[in-house]
Structure formats: C-alpha cells, structure tokens
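Visitor: Supplied in structure tokens, the structure appears directly below.
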Amino acid sequence: MTTIDLNADLGEGFGRWRLTEDEQLLSVVTSANVACGFHAGDAATMRRVCELAVARGVTIGAQVSYRDLAGFGRRAMEVPAAELTAEVAYQIGALEVFARAAGARVAYVKPHGALYNRVVHDEEQAGAVIDGVLLADPALPVLGLPGSRLLALAEKAGLPAVPEAFADRAYTDEGTLLPRGQGGAVVSDPEAVVRRSVGLVRSGTVIAHSGARVRVRARSLCLHGDTPGAVELARQVRARLVATGVRLEAFA
C-alpha cells in the first residue's frame, strides 16, 4: 500500500493575529510544521499548537526560517553561515521546550520560505542549516525538496533526509518550485490541487508549469495552511487519497 505523510505549516500567527486554522488543520494532517518565532509564531502560539498536536496524535516539526517577521520569511536575506547555524539551533530548541511540556518531542526540521528555496542550490546555506540541526539534535530528520543540496548534505551528515512535494505549488521542468512572484506559482483551483495530490502520491509525477510531466518522488505532501479555504481543501485532499487506497502516516 502506498503511504504518505501530510504536513502543513501551522502556528503562523503573532500575538492576537492568527493566519492558520491550526485546530482544524490538525484534524487532517499527520505532521505539523510549527513556526518557531522567526518568520511567524510566538511563545504562546507555539505552546498551544504543540498541545493541540499531541492531543490529536500529530507529529511536531520545527519550521525554521530567516529572522524576518516583517516579510513572513519570504524575503531573500544574506546571513553568515555561523549565524544561521546558531539561529536554526535556537529555533529548534525553543520549540522543543513546548513539545516536551506537551508530552512529545520535536521530531523533524523543515526550512521555511526564502530559506527553503535558498538551500535547494546554495551549498553554504544548506550546510549551515544542517549544522544547526546537528547542534540541536544529531538524529533529527530533515524535510526538504527532492534533489536539493539540503537533503544531500543531511544524508552526508547521517541525518534522515525526507523528500516532500507540494499540492498547491507549480513546478519548473527541473522539479523545483516556481517562484511565488511569477504568475501561476500557486495553484488555487481546488479540484486541480486534489488531482495533483493524487498524481504526486500515486505516480510520483506532476505536470510542470510548462506542461511537461516531471518526476517528484516524495514521502510527505505539504498542504499550505495560509491559503483561502485551506481547511476544506486539506480535507478534500485527504479524503481523495484515502479513497484511492493511500495510507496516511507520519514519516517520523
């Protein structure tokens, strides 16, 4: 039976402002990428999401980012490697406190936004992220784009490297994500997202923005929580996958 993990970015609010429907999405996904305060999230939000995740049996992951609250972590930044390593470890450690208090542990790490895209090709920045993960916990799985430098360096360092696909993002012919600044980068039609999700999981392929069929082998499927109608869309994706015989299970 085909097995897939469903992950979503959660806890992406700050103070009284909330972006994601955390409680509802936690009834759909199997893994939660929890914002650790650098692109979104704060202490109270992190604690609340960890408690909700544990109550629903959802695995907790640290979503680490450049220090960019104003830009939601989606702006390109130049951060020295040593500084980035320390900041990645810092974010994981902060979330670990709340995960443990809720009766769980941080089970994996996933970069967010501009950092996620940067470490697809940037050897130095990818290495800095891996060094930060090793500093926090030398056994943590790393979630990232198939074929990225991040996952290659994770494997080299002895960390479990977990490839993921995106249900609602357009792909290039090289299997990377189409930049958000380009038209069509985000797939908004619900039925198209559901069809793409099934294709990614069942056949390991997706139709790129150019129309070409691209191979994308993944163990986890990301469902963005900050898009309009995210909860209902996530429910539809989960239901269609189950209906086609896919087993939903966290990778960590």
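Order determines the names: the first chain of the structure tokens is A, the second B, and so forth; residues in each chain are numbered 1 upward, and ligands are numbered 1 upward as they are shown.
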With only C-alpha atoms counted and 12 Å as the cut-off, give the residues of region 30-102 of chain A in contact with region 235-249 of chain A, each with its shortest interatomic distance in Å and the pair that gives it, as a Markdown table.
Guide:
```
| residue | atom | partner | partner_atom | distance |
| --- | --- | --- | --- | --- |
| A:Thr30 | CA | A:Glu249 | CA | 6.3 |
| A:Ser31 | CA | A:Glu249 | CA | 8.7 |
| A:Gly57 | CA | A:Glu249 | CA | 10.8 |
| A:Val58 | CA | A:Glu249 | CA | 9.7 |
| A:Thr59 | CA | A:Glu249 | CA | 9.8 |
```
Visitor: Any idea what's packed within 7 Å of region 64-73 of chain A, counting only C-alpha atoms, ignoring anything in its chain fewer than 3 positions away? Could you give it as a list in words?
Guide: Ala35, Cys36, Phe38, His39, Ala40, Val88, Gln91, Lys110, Pro111, His112, Gly113, Ala114 and Leu115 of chain A
Visitor: Name all residues at most 8 Å from Ala139 (chain A) (count only C-alpha atoms; drop same-chain ones fewer than 5 positions away) and give them as a list in words.
Guide: Leu134, Gly158, Leu159 and Pro160 of chain A
Visitor: Based on the selection just made, write C-alpha atoms of those residues as a compact mmCIF listing (two decimals), in the first residue's frame.
Guide:
```txt
# COMPACT_ATOMS: atom_id res chain seq x y z
CA LEU A 134 23.15 18.68 14.33
CA GLY A 158 23.88 10.89 8.76
CA LEU A 159 20.52 12.62 9.20
CA PRO A 160 17.35 11.07 7.72
```
Visitor: Do a neighbour search on Leu140 (chain A) at 12 Å with only C-alpha atoms, toss out local chain neighbours closer than 6 positions, and write the hits as a list of chain:residue names.
Guide: A:Ile60, A:Gly61, A:Ala62, A:Ala89, A:Ile92, A:Glu96, A:Arg105, A:Val106, A:Ala107, A:Tyr108, A:Val109, A:Lys110, A:Ile130, A:Asp131, A:Gly132, A:Val133, A:Leu134, A:Ala154, A:Glu155, A:Ala157, A:Gly158, A:Leu159, A:Pro160, A:Ala161, A:Val162, A:Phe251, A:Ala252
Visitor: Tell me, which residues of region 15-252 of chain A carry DSSP alpha helix (DSSP H), written as a PyMOL selection string?
Guide: chain A and resi 22-25+43-55+81-101+113-118+123-136+149-156+190-202+230-243
Visitor: Find the distance between CA of Ala128 (chain A) and CA of Val34 (chain A) and write it in Å to one decimal.
Guide: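 It comes out at 20.2 Å.
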Visitor: Out of region 173-245 of chain A, which residues get strand (DSSP E) from DSSP, as a PyMOL selection string?
Guide: chain A and resi 205-207+213-215+220-222
Visitor: Skip Asp168 (chain A) itself and residues of its chain fewer than 5 positions away, then list as a list in words all residues within 7 Å of it, counting only C-alpha atoms.
Guide: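 Skipping anything fewer than 5 positions along the chain leaves Val186, Val187, Ser188 and Val193 of chain A.
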Visitor: Keeping only C-alpha atoms, write the selected residues to a file as a PDB file, in the first residue's frame.
Guide:
```
ATOM      1  CA  VAL A 186       0.238  28.950  -6.530  1.00  0.00           C
ATOM      2  CA  VAL A 187      -2.430  26.526  -7.778  1.00  0.00           C
ATOM      3  CA  SER A 188      -5.762  27.833  -6.490  1.00  0.00           C
ATOM      4  CA  VAL A 193      -4.976  20.634  -6.244  1.00  0.00           C
TER       5      VAL A 193
END
```
Visitor: Can you tell me, as a PDB file with N, CA and C atoms, in the first residue's frame, what residues are no more than 8 Å from region 214-230 of chain A when counting only C-alpha atoms, ignoring any on the same chain fewer than 4 positions away?
Guide:
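Done, and the output landed in selection-v8.pdb:
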```pdb
ATOM      1  N   THR A   3       2.072   4.793   1.029  1.00  0.00           N
ATOM      2  CA  THR A   3       1.976   5.535   2.287  1.00  0.00           C
ATOM      3  C   THR A   3       2.484   6.954   2.080  1.00  0.00           C
ATOM      4  N   ILE A   4       1.797   7.934   2.654  1.00  0.00           N
ATOM      5  CA  ILE A   4       2.220   9.328   2.552  1.00  0.00           C
ATOM      6  C   ILE A   4       1.946  10.051   3.863  1.00  0.00           C
ATOM      7  N   ASP A   5       2.793  10.993   4.164  1.00  0.00           N
ATOM      8  CA  ASP A   5       2.609  11.903   5.294  1.00  0.00           C
ATOM      9  C   ASP A   5       1.997  13.190   4.757  1.00  0.00           C
ATOM     10  N   LEU A   6       1.066  13.770   5.484  1.00  0.00           N
ATOM     11  CA  LEU A   6       0.502  15.076   5.131  1.00  0.00           C
ATOM     12  C   LEU A   6       1.010  16.096   6.134  1.00  0.00           C
ATOM     13  N   ASN A   7       1.723  17.112   5.643  1.00  0.00           N
ATOM     14  CA  ASN A   7       2.218  18.142   6.554  1.00  0.00           C
ATOM     15  C   ASN A   7       1.645  19.500   6.197  1.00  0.00           C
ATOM     16  N   ALA A   8       1.559  20.370   7.195  1.00  0.00           N
ATOM     17  CA  ALA A   8       1.080  21.734   6.978  1.00  0.00           C
ATOM     18  C   ALA A   8       1.845  22.679   7.880  1.00  0.00           C
ATOM     19  N   ASP A   9       1.999  23.922   7.416  1.00  0.00           N
ATOM     20  CA  ASP A   9       2.657  24.959   8.199  1.00  0.00           C
ATOM     21  C   ASP A   9       1.643  25.533   9.177  1.00  0.00           C
ATOM     22  N   LEU A  10       1.920  25.413  10.471  1.00  0.00           N
ATOM     23  CA  LEU A  10       0.969  25.831  11.490  1.00  0.00           C
ATOM     24  C   LEU A  10       1.601  26.809  12.481  1.00  0.00           C
ATOM     25  N   LEU A  19      -3.016  33.462  11.400  1.00  0.00           N
ATOM     26  CA  LEU A  19      -3.092  33.248   9.961  1.00  0.00           C
ATOM     27  C   LEU A  19      -3.668  31.882   9.622  1.00  0.00           C
ATOM     28  N   THR A  20      -3.264  30.859  10.358  1.00  0.00           N
ATOM     29  CA  THR A  20      -3.668  29.489  10.035  1.00  0.00           C
ATOM     30  C   THR A  20      -4.743  28.968  10.985  1.00  0.00           C
ATOM     31  N   GLU A  21      -5.614  28.102  10.449  1.00  0.00           N
ATOM     32  CA  GLU A  21      -6.654  27.470  11.259  1.00  0.00           C
ATOM     33  C   GLU A  21      -6.061  26.206  11.892  1.00  0.00           C
ATOM     34  N   LEU A  25      -6.892  22.204  11.008  1.00  0.00           N
ATOM     35  CA  LEU A  25      -5.910  21.525  10.164  1.00  0.00           C
ATOM     36  C   LEU A  25      -5.271  20.340  10.890  1.00  0.00           C
ATOM     37  N   PRO A 146      13.095  17.292  -3.013  1.00  0.00           N
ATOM     38  CA  PRO A 146      13.896  16.208  -3.606  1.00  0.00           C
ATOM     39  C   PRO A 146      15.017  16.772  -4.482  1.00  0.00           C
ATOM     40  N   VAL A 162      14.215  13.500   4.193  1.00  0.00           N
ATOM     41  CA  VAL A 162      12.839  13.178   3.805  1.00  0.00           C
ATOM     42  C   VAL A 162      12.388  14.112   2.686  1.00  0.00           C
ATOM     43  N   PRO A 163      12.156  13.598   1.476  1.00  0.00           N
ATOM     44  CA  PRO A 163      11.710  14.444   0.361  1.00  0.00           C
ATOM     45  C   PRO A 163      10.223  14.747   0.445  1.00  0.00           C
ATOM     46  N   GLU A 164       9.849  15.966   0.065  1.00  0.00           N
ATOM     47  CA  GLU A 164       8.433  16.335   0.091  1.00  0.00           C
ATOM     48  C   GLU A 164       7.997  16.946  -1.233  1.00  0.00           C
ATOM     49  N   ALA A 165       6.684  16.892  -1.453  1.00  0.00           N
ATOM     50  CA  ALA A 165       6.067  17.501  -2.624  1.00  0.00           C
ATOM     51  C   ALA A 165       5.034  18.517  -2.149  1.00  0.00           C
ATOM     52  N   PHE A 166       4.579  19.373  -3.077  1.00  0.00           N
ATOM     53  CA  PHE A 166       3.625  20.430  -2.736  1.00  0.00           C
ATOM     54  C   PHE A 166       2.362  20.280  -3.563  1.00  0.00           C
ATOM     55  N   ALA A 167       1.238  20.220  -2.881  1.00  0.00           N
ATOM     56  CA  ALA A 167      -0.040  20.021  -3.550  1.00  0.00           C
ATOM     57  C   ALA A 167      -0.480  21.252  -4.340  1.00  0.00           C
ATOM     58  N   ASP A 168      -0.147  22.434  -3.845  1.00  0.00           N
ATOM     59  CA  ASP A 168      -0.705  23.656  -4.426  1.00  0.00           C
ATOM     60  C   ASP A 168       0.343  24.607  -4.985  1.00  0.00           C
ATOM     61  N   ASP A 173      10.430  22.661 -14.849  1.00  0.00           N
ATOM     62  CA  ASP A 173      10.820  21.415 -15.503  1.00  0.00           C
ATOM     63  C   ASP A 173      11.940  20.698 -14.749  1.00  0.00           C
ATOM     64  N   GLU A 174      12.657  21.433 -13.886  1.00  0.00           N
ATOM     65  CA  GLU A 174      13.757  20.841 -13.122  1.00  0.00           C
ATOM     66  C   GLU A 174      13.285  20.230 -11.809  1.00  0.00           C
ATOM     67  N   GLY A 175      11.972  20.340 -11.527  1.00  0.00           N
ATOM     68  CA  GLY A 175      11.448  19.784 -10.293  1.00  0.00           C
ATOM     69  C   GLY A 175      11.553  20.711  -9.099  1.00  0.00           C
ATOM     70  N   SER A 197      -2.430  16.207  -6.133  1.00  0.00           N
ATOM     71  CA  SER A 197      -2.046  15.483  -4.925  1.00  0.00           C
ATOM     72  C   SER A 197      -2.061  13.979  -5.164  1.00  0.00           C
ATOM     73  N   LEU A 200       0.845  13.041  -7.512  1.00  0.00           N
ATOM     74  CA  LEU A 200       2.132  13.090  -6.831  1.00  0.00           C
ATOM     75  C   LEU A 200       2.345  11.858  -5.958  1.00  0.00           C
ATOM     76  N   VAL A 201       1.286  11.447  -5.266  1.00  0.00           N
ATOM     77  CA  VAL A 201       1.403  10.328  -4.333  1.00  0.00           C
ATOM     78  C   VAL A 201       1.374   8.982  -5.049  1.00  0.00           C
ATOM     79  N   GLY A 204       4.073   9.594  -8.463  1.00  0.00           N
ATOM     80  CA  GLY A 204       5.334  10.304  -8.250  1.00  0.00           C
ATOM     81  C   GLY A 204       5.643  11.296  -9.350  1.00  0.00           C
ATOM     82  N   THR A 205       4.592  11.820  -9.994  1.00  0.00           N
ATOM     83  CA  THR A 205       4.804  12.795 -11.062  1.00  0.00           C
ATOM     84  C   THR A 205       3.821  13.954 -10.916  1.00  0.00           C
ATOM     85  N   VAL A 206       4.147  15.065 -11.588  1.00  0.00           N
ATOM     86  CA  VAL A 206       3.276  16.232 -11.603  1.00  0.00           C
ATOM     87  C   VAL A 206       3.479  16.957 -12.931  1.00  0.00           C
ATOM     88  N   ILE A 207       2.432  17.637 -13.394  1.00  0.00           N
ATOM     89  CA  ILE A 207       2.551  18.441 -14.615  1.00  0.00           C
ATOM     90  C   ILE A 207       3.161  19.790 -14.240  1.00  0.00           C
ATOM     91  N   ALA A 208       4.324  20.092 -14.810  1.00  0.00           N
ATOM     92  CA  ALA A 208       5.014  21.346 -14.521  1.00  0.00           C
ATOM     93  C   ALA A 208       4.274  22.525 -15.145  1.00  0.00           C
ATOM     94  N   ALA A 234      -7.722  20.850   2.376  1.00  0.00           N
ATOM     95  CA  ALA A 234      -6.942  19.777   3.001  1.00  0.00           C
ATOM     96  C   ALA A 234      -7.813  18.549   3.247  1.00  0.00           C
ATOM     97  N   PHE A 251       5.986  10.389   8.813  1.00  0.00           N
ATOM     98  CA  PHE A 251       7.275   9.768   8.470  1.00  0.00           C
ATOM     99  C   PHE A 251       8.195   9.665   9.678  1.00  0.00           C
TER     100      PHE A 251
END
```
